[in-house]
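Data block for structure.pdb (PDB, C-alpha atoms):
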```
MODEL        1
ATOM      1  CA  MET A   1     275.371 -22.115 -30.509
ATOM      2  CA  SER A   2     276.142 -18.552 -31.605
ATOM      3  CA  THR A   3     279.083 -18.159 -33.963
ATOM      4  CA  ILE A   4     281.088 -15.376 -35.565
ATOM      5  CA  LYS A   5     283.521 -15.292 -38.467
ATOM      6  CA  LEU A   6     287.153 -14.276 -38.178
ATOM      7  CA  GLN A   7     289.323 -13.526 -41.199
ATOM      8  CA  SER A   8     293.072 -14.118 -41.065
ATOM      9  CA  SER A   9     295.650 -11.861 -42.721
ATOM     10  CA  ASP A  10     295.860 -14.270 -45.676
ATOM     11  CA  GLY A  11     292.089 -14.169 -46.247
ATOM     12  CA  GLU A  12     290.985 -17.478 -44.693
ATOM     13  CA  VAL A  13     287.658 -17.215 -42.837
ATOM     14  CA  PHE A  14     287.060 -19.184 -39.620
ATOM     15  CA  GLU A  15     283.617 -19.704 -38.102
ATOM     16  CA  ILE A  16     283.952 -20.003 -34.346
ATOM     17  CA  ALA A  17     281.683 -20.062 -31.296
ATOM     18  CA  ILE A  18     281.340 -16.601 -29.771
ATOM     19  CA  ASP A  19     282.240 -17.839 -26.273
ATOM     20  CA  VAL A  20     285.501 -19.238 -27.674
ATOM     21  CA  ALA A  21     286.291 -16.060 -29.633
ATOM     22  CA  LYS A  22     285.581 -13.836 -26.621
ATOM     23  CA  GLN A  23     288.620 -15.229 -24.838
ATOM     24  CA  SER A  24     290.331 -12.607 -26.948
ATOM     25  CA  ILE A  25     289.745  -9.262 -25.266
ATOM     26  CA  THR A  26     290.489  -7.626 -28.630
ATOM     27  CA  ILE A  27     287.671  -9.560 -30.345
ATOM     28  CA  LYS A  28     285.332  -9.123 -27.366
ATOM     29  CA  THR A  29     285.902  -5.349 -27.469
ATOM     30  CA  MET A  30     285.402  -5.249 -31.260
ATOM     31  CA  LEU A  31     282.087  -7.067 -30.912
ATOM     32  CA  GLU A  32     280.915  -4.696 -28.176
ATOM     33  CA  ASP A  33     282.190  -1.498 -29.834
ATOM     34  CA  LEU A  34     280.823  -2.387 -33.264
ATOM     35  CA  GLY A  35     277.569  -3.772 -31.875
ATOM     36  CA  MET A  36     278.108  -6.991 -33.806
ATOM     37  CA  ASP A  37     276.283 -10.208 -33.066
ATOM     38  CA  GLU A  38     275.820 -13.636 -34.610
ATOM     39  CA  GLU A  39     273.459 -12.289 -37.282
ATOM     40  CA  ASP A  40     276.340 -10.350 -38.841
ATOM     41  CA  ASP A  41     277.753 -12.324 -41.725
ATOM     42  CA  GLU A  42     280.719 -10.000 -42.172
ATOM     43  CA  PRO A  43     283.945 -11.577 -40.859
ATOM     44  CA  ILE A  44     286.080  -9.705 -38.331
ATOM     45  CA  PRO A  45     289.432  -8.990 -40.001
ATOM     46  CA  LEU A  46     292.553  -9.933 -38.048
ATOM     47  CA  PRO A  47     295.320  -8.368 -40.167
ATOM     48  CA  ASN A  48     298.144  -9.334 -37.807
ATOM     49  CA  VAL A  49     297.432 -13.091 -37.643
ATOM     50  CA  ASN A  50     297.885 -15.580 -40.503
ATOM     51  CA  SER A  51     295.668 -18.640 -40.921
ATOM     52  CA  ALA A  52     298.212 -21.175 -39.609
ATOM     53  CA  ILE A  53     298.690 -19.250 -36.363
ATOM     54  CA  LEU A  54     294.980 -18.397 -36.049
ATOM     55  CA  THR A  55     294.218 -22.129 -36.325
ATOM     56  CA  LYS A  56     296.564 -22.793 -33.391
ATOM     57  CA  VAL A  57     295.193 -19.866 -31.356
ATOM     58  CA  LEU A  58     291.612 -21.074 -31.857
ATOM     59  CA  GLU A  59     292.602 -24.622 -30.896
ATOM     60  CA  TRP A  60     294.035 -23.248 -27.628
ATOM     61  CA  CYS A  61     290.929 -21.114 -27.030
ATOM     62  CA  LYS A  62     288.579 -24.068 -27.594
ATOM     63  CA  TYR A  63     290.465 -26.174 -25.063
ATOM     64  CA  HIS A  64     290.540 -23.390 -22.454
ATOM     65  CA  LYS A  65     287.050 -21.921 -23.044
ATOM     66  CA  ASP A  66     285.748 -23.088 -19.659
ATOM     67  CA  ASP A  67     288.772 -21.925 -17.648
ATOM     68  CA  PRO A  68     288.068 -19.375 -14.899
ATOM     69  CA  PRO A  69     289.214 -15.840 -15.757
ATOM     70  CA  PRO A  70     292.755 -15.038 -14.597
ATOM     71  CA  PRO A  71     293.014 -13.126 -11.304
ATOM     72  CA  GLU A  72     293.186  -9.340 -11.606
ATOM     73  CA  ASP A  73     295.901  -8.742  -9.010
ATOM     74  CA  GLU A  74     298.778 -10.224 -11.000
ATOM     75  CA  GLU A  75     301.518  -7.752  -9.969
ATOM     76  CA  HIS A  76     301.733  -9.066  -6.417
ATOM     77  CA  ARG A  77     301.672 -12.746  -7.294
ATOM     78  CA  GLU A  78     304.894 -14.694  -7.658
ATOM     79  CA  LYS A  79     305.663 -15.413 -11.302
ATOM     80  CA  ARG A  80     306.190 -19.113 -11.943
ATOM     81  CA  THR A  81     307.256 -20.957 -15.062
ATOM     82  CA  ASP A  82     306.636 -24.504 -13.851
ATOM     83  CA  ASP A  83     302.844 -24.357 -13.664
ATOM     84  CA  LEU A  84     301.925 -25.102 -17.287
ATOM     85  CA  CYS A  85     299.156 -27.668 -17.734
ATOM     86  CA  GLY A  86     299.870 -30.795 -19.765
ATOM     87  CA  PHE A  87     297.846 -29.575 -22.741
ATOM     88  CA  ASP A  88     299.802 -26.305 -22.907
ATOM     89  CA  MET A  89     303.151 -28.082 -22.598
ATOM     90  CA  ASP A  90     302.290 -30.340 -25.545
ATOM     91  CA  PHE A  91     300.550 -27.560 -27.484
ATOM     92  CA  LEU A  92     303.621 -25.323 -27.253
ATOM     93  CA  LYS A  93     306.082 -27.987 -28.431
ATOM     94  CA  VAL A  94     306.498 -26.164 -31.732
ATOM     95  CA  ASP A  95     309.399 -24.623 -33.624
ATOM     96  CA  GLN A  96     310.679 -21.267 -32.383
ATOM     97  CA  GLY A  97     309.162 -19.327 -35.281
ATOM     98  CA  THR A  98     305.692 -20.672 -34.494
ATOM     99  CA  LEU A  99     306.165 -20.076 -30.766
ATOM    100  CA  PHE A 100     307.111 -16.433 -31.324
ATOM    101  CA  GLU A 101     304.233 -15.941 -33.766
ATOM    102  CA  LEU A 102     301.873 -17.373 -31.118
ATOM    103  CA  ILE A 103     303.252 -14.845 -28.615
ATOM    104  CA  LEU A 104     302.669 -11.992 -31.077
ATOM    105  CA  ALA A 105     299.146 -13.227 -31.877
ATOM    106  CA  ALA A 106     298.254 -13.724 -28.189
ATOM    107  CA  ASN A 107     299.502 -10.213 -27.458
ATOM    108  CA  TYR A 108     297.622  -8.656 -30.417
ATOM    109  CA  LEU A 109     294.423 -10.571 -29.612
ATOM    110  CA  ASP A 110     294.876  -9.941 -25.863
ATOM    111  CA  ILE A 111     294.554 -13.570 -24.778
ATOM    112  CA  LYS A 112     296.298 -13.451 -21.414
ATOM    113  CA  GLY A 113     296.365 -17.200 -20.729
ATOM    114  CA  LEU A 114     297.972 -18.038 -24.075
ATOM    115  CA  LEU A 115     300.419 -15.146 -23.780
ATOM    116  CA  ASP A 116     301.438 -16.267 -20.282
ATOM    117  CA  SER A 117     301.817 -19.917 -21.291
ATOM    118  CA  SER A 118     303.840 -19.161 -24.415
ATOM    119  CA  CYS A 119     306.101 -16.683 -22.587
ATOM    120  CA  LYS A 120     306.646 -19.222 -19.785
ATOM    121  CA  THR A 121     307.726 -21.706 -22.454
ATOM    122  CA  VAL A 122     310.353 -19.246 -23.705
ATOM    123  CA  ALA A 123     311.434 -18.518 -20.108
ATOM    124  CA  ASN A 124     311.902 -22.260 -19.562
ATOM    125  CA  MET A 125     314.045 -22.417 -22.712
ATOM    126  CA  ILE A 126     316.326 -19.733 -21.199
ATOM    127  CA  LYS A 127     316.337 -20.827 -17.567
ATOM    128  CA  GLY A 128     319.704 -22.099 -16.328
ATOM    129  CA  LYS A 129     321.592 -21.297 -19.532
ATOM    130  CA  THR A 130     324.666 -19.167 -19.998
ATOM    131  CA  PRO A 131     324.469 -16.132 -22.285
ATOM    132  CA  GLU A 132     326.384 -18.112 -24.912
ATOM    133  CA  GLU A 133     323.889 -21.006 -24.728
ATOM    134  CA  ILE A 134     320.970 -18.569 -24.998
ATOM    135  CA  ARG A 135     322.558 -16.938 -28.056
ATOM    136  CA  LYS A 136     322.963 -20.362 -29.652
ATOM    137  CA  THR A 137     319.386 -21.433 -28.792
ATOM    138  CA  PHE A 138     317.845 -18.305 -30.301
ATOM    139  CA  ASN A 139     320.457 -17.708 -33.014
ATOM    140  CA  ILE A 140     321.442 -14.315 -31.587
ATOM    141  CA  LYS A 141     324.642 -12.690 -32.842
ATOM    142  CA  ASN A 142     326.938 -11.356 -30.107
ATOM    143  CA  ASP A 143     327.666  -7.787 -31.152
ATOM    144  CA  PHE A 144     329.518  -6.828 -27.945
ATOM    145  CA  THR A 145     333.256  -6.276 -27.973
ATOM    146  CA  PRO A 146     335.065  -8.304 -25.276
ATOM    147  CA  ALA A 147     335.458  -5.086 -23.239
ATOM    148  CA  GLU A 148     331.726  -4.260 -23.516
ATOM    149  CA  GLU A 149     330.803  -7.807 -22.545
ATOM    150  CA  GLU A 150     333.049  -7.645 -19.491
ATOM    151  CA  GLN A 151     331.467  -4.313 -18.477
ATOM    152  CA  VAL A 152     327.959  -5.815 -18.758
ATOM    153  CA  ARG A 153     329.025  -8.824 -16.679
ATOM    154  CA  LYS A 154     330.418  -6.524 -13.951
ATOM    155  CA  GLU A 155     327.273  -4.370 -13.890
ATOM    156  CA  ASN A 156     325.051  -7.438 -13.665
ATOM    157  CA  SER A 157     327.167  -9.665 -11.446
ATOM    158  CA  TRP A 158     324.416  -9.551  -8.810
ATOM    159  CA  CYS A 159     322.220 -11.805 -10.971
ATOM    160  CA  GLU A 160     324.859 -14.397 -11.809
ATOM    161  CA  GLU A 161     324.443 -17.746 -10.105
ATOM    162  CA  LYS A 162     327.281 -18.417  -7.683
TER     163      LYS A 162
ENDMDL
END
```
Encoded form using structure tokens:
Amino acid sequence: MSTIKLQSSDGEVFEIAIDVAKQSITIKTMLEDLGMDEEDDEPIPLPNVNSAILTKVLEWCKYHKDDPPPPEDEEHREKRTDDLCGFDMDFLKVDQGTLFELILAANYLDIKGLLDSSCKTVANMIKGKTPEEIRKTFNIKNDFTPAEEEQVRKENSWCEEK
């Protein structure tokens, strides 16, 4: 099995199967652009991902390495938040800080499946909640004056549930 080395922002080096690592379009592109292969002993630096998050990302990639590639024509497909597999639901039962770091890492590494699953998890945390409940869930300070808040409610009344 061919492997490559990835280095997290805090200096930890991970040896991983190339087919697992190539789920990241960022890593796949780096390998192609730099002409790297398994003989290269130099680790690929990932300055935006710490070792704790990289460990989680690689765990997700290992589990999903045999998944079919996502369809290209995503814009015209209905977006759903209730189609997470059991592994992803359990995998993403983490604290908010970790969840948001996973989103940032999945975006930086261009791992569409992980980005979609983690964003769906956040969407499910928001779904059906009032603005006040969402603020409480995500510890967001309300910096609107009552008049500004009323104006926003009027402008967006079309999306309020009746």
Residue IDs satisfying the PyMOL selection byres ((chain A and resi 1-16) around 8), as JSON, numbers by chain
{"A": [17, 18, 20, 21, 37, 38, 40, 41, 42, 43, 44, 45, 46, 47, 48, 49, 50, 51, 54]}
Output the selection as a PDB file, keeping the file's coordinate frame - C-alpha atoms for each residue.
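Writing the result to part.pdb gives the following:
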```pdb
ATOM      1  CA  ALA A  17     281.683 -20.062 -31.296  1.00  0.00           C
ATOM      2  CA  ILE A  18     281.340 -16.601 -29.771  1.00  0.00           C
ATOM      3  CA  VAL A  20     285.501 -19.238 -27.674  1.00  0.00           C
ATOM      4  CA  ALA A  21     286.291 -16.060 -29.633  1.00  0.00           C
ATOM      5  CA  ASP A  37     276.283 -10.208 -33.066  1.00  0.00           C
ATOM      6  CA  GLU A  38     275.820 -13.636 -34.610  1.00  0.00           C
ATOM      7  CA  ASP A  40     276.340 -10.350 -38.841  1.00  0.00           C
ATOM      8  CA  ASP A  41     277.753 -12.324 -41.725  1.00  0.00           C
ATOM      9  CA  GLU A  42     280.719 -10.000 -42.172  1.00  0.00           C
ATOM     10  CA  PRO A  43     283.945 -11.577 -40.859  1.00  0.00           C
ATOM     11  CA  ILE A  44     286.080  -9.705 -38.331  1.00  0.00           C
ATOM     12  CA  PRO A  45     289.432  -8.990 -40.001  1.00  0.00           C
ATOM     13  CA  LEU A  46     292.553  -9.933 -38.048  1.00  0.00           C
ATOM     14  CA  PRO A  47     295.320  -8.368 -40.167  1.00  0.00           C
ATOM     15  CA  ASN A  48     298.144  -9.334 -37.807  1.00  0.00           C
ATOM     16  CA  VAL A  49     297.432 -13.091 -37.643  1.00  0.00           C
ATOM     17  CA  ASN A  50     297.885 -15.580 -40.503  1.00  0.00           C
ATOM     18  CA  SER A  51     295.668 -18.640 -40.921  1.00  0.00           C
ATOM     19  CA  LEU A  54     294.980 -18.397 -36.049  1.00  0.00           C
TER      20      LEU A  54
END
```
Between CA of Asn142 (chain A) and CA of Asp95 (chain A), what is the distance, to one decimal in Å?
22.3 Å
Determine the axis-aligned bounding box of all atoms of region 133-141 of chain A present in the file, pad each side by 4 Å, and express its centre and edge lengths in Å to one decimal place as lines of an AutoDock Vina configuration file.
```
center_x = 321.2
center_y = -17.1
center_z = -28.9
size_x = 14.8
size_y = 16.7
size_z = 16.3
```
Which of A:Leu102, A:Ile140, A:Ile126, A:Cys159 sits closest to Leu58 (chain A) [using all atoms listed in the file]:
A:Leu102
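For the structure in this document, the set picked by the PyMOL selection byres ((chain A and resi 117-125) around 7) is Thr81, Leu84, Asp88, Leu92, Leu99, Ile103, Gly113, Leu114, Leu115, Asp116, Ile126 and Lys127 of chain A.
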Can I get the selected residues back with C-alpha atoms, as a PDB file, in the frame of the given file?
```
ATOM      1  CA  THR A  81     307.256 -20.957 -15.062  1.00  0.00           C
ATOM      2  CA  LEU A  84     301.925 -25.102 -17.287  1.00  0.00           C
ATOM      3  CA  ASP A  88     299.802 -26.305 -22.907  1.00  0.00           C
ATOM      4  CA  LEU A  92     303.621 -25.323 -27.253  1.00  0.00           C
ATOM      5  CA  LEU A  99     306.165 -20.076 -30.766  1.00  0.00           C
ATOM      6  CA  ILE A 103     303.252 -14.845 -28.615  1.00  0.00           C
ATOM      7  CA  GLY A 113     296.365 -17.200 -20.729  1.00  0.00           C
ATOM      8  CA  LEU A 114     297.972 -18.038 -24.075  1.00  0.00           C
ATOM      9  CA  LEU A 115     300.419 -15.146 -23.780  1.00  0.00           C
ATOM     10  CA  ASP A 116     301.438 -16.267 -20.282  1.00  0.00           C
ATOM     11  CA  ILE A 126     316.326 -19.733 -21.199  1.00  0.00           C
ATOM     12  CA  LYS A 127     316.337 -20.827 -17.567  1.00  0.00           C
TER      13      LYS A 127
END
```
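Take the candidates A:Gln23, A:Glu32, A:Gln96, A:His64 and check each one against Asn139 (chain A) using only C-alpha atoms; the shortest distance goes to A:Gln96.
Of the listed residues A:Thr29, A:Ser157, A:Thr98, A:Ser24, the one whose atoms come nearest to Lys62 (chain A) is A:Ser24, with distances taken using only C-alpha atoms.
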Please, what distance in Å, to one decimal, runs between CA of Ile25 (chain A) and CA of Asp83 (chain A)?
23.1 Å
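Here CA of Ala105 (chain A) stands at a distance of 15.1 Å from CA of Lys28 (chain A).
With distances taken over all atoms listed in the file, A:Ile53 is the one residue among A:Leu34, A:Glu148, A:Ile27, A:Ile53 lying closest to Gly97 (chain A).
Of the residues under consideration (A:Val152, A:Cys61, A:Ile111, A:Ala106), A:Cys61 shows the shortest atom-to-atom contact distance to Phe87 (chain A) when counting all atoms listed in the file.
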Neighbour list for Thr26 (chain A) as a list in words, cut-off 9 Å, only C-alpha atoms, skip fewer than 6 positions in-chain:
Tyr108, Leu109, Asp110 and Ile111 of chain A
What does the file look like for those residues with C-alpha atoms, as an mmCIF file, in the frame of the given file?
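Output contents, as saved in result-v6.cif:
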```
data_model
loop_
_atom_site.group_PDB
_atom_site.id
_atom_site.type_symbol
_atom_site.label_atom_id
_atom_site.label_comp_id
_atom_site.auth_asym_id
_atom_site.auth_seq_id
_atom_site.Cartn_x
_atom_site.Cartn_y
_atom_site.Cartn_z
ATOM 1 C CA TYR A 108 297.622 -8.656 -30.417
ATOM 2 C CA LEU A 109 294.423 -10.571 -29.612
ATOM 3 C CA ASP A 110 294.876 -9.941 -25.863
ATOM 4 C CA ILE A 111 294.554 -13.570 -24.778
#
```
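The residue that comes closest to Lys112 (chain A), out of A:Met89, A:Ala52, A:Val57, A:Met30 and on the basis of all atoms listed in the file, is A:Val57.
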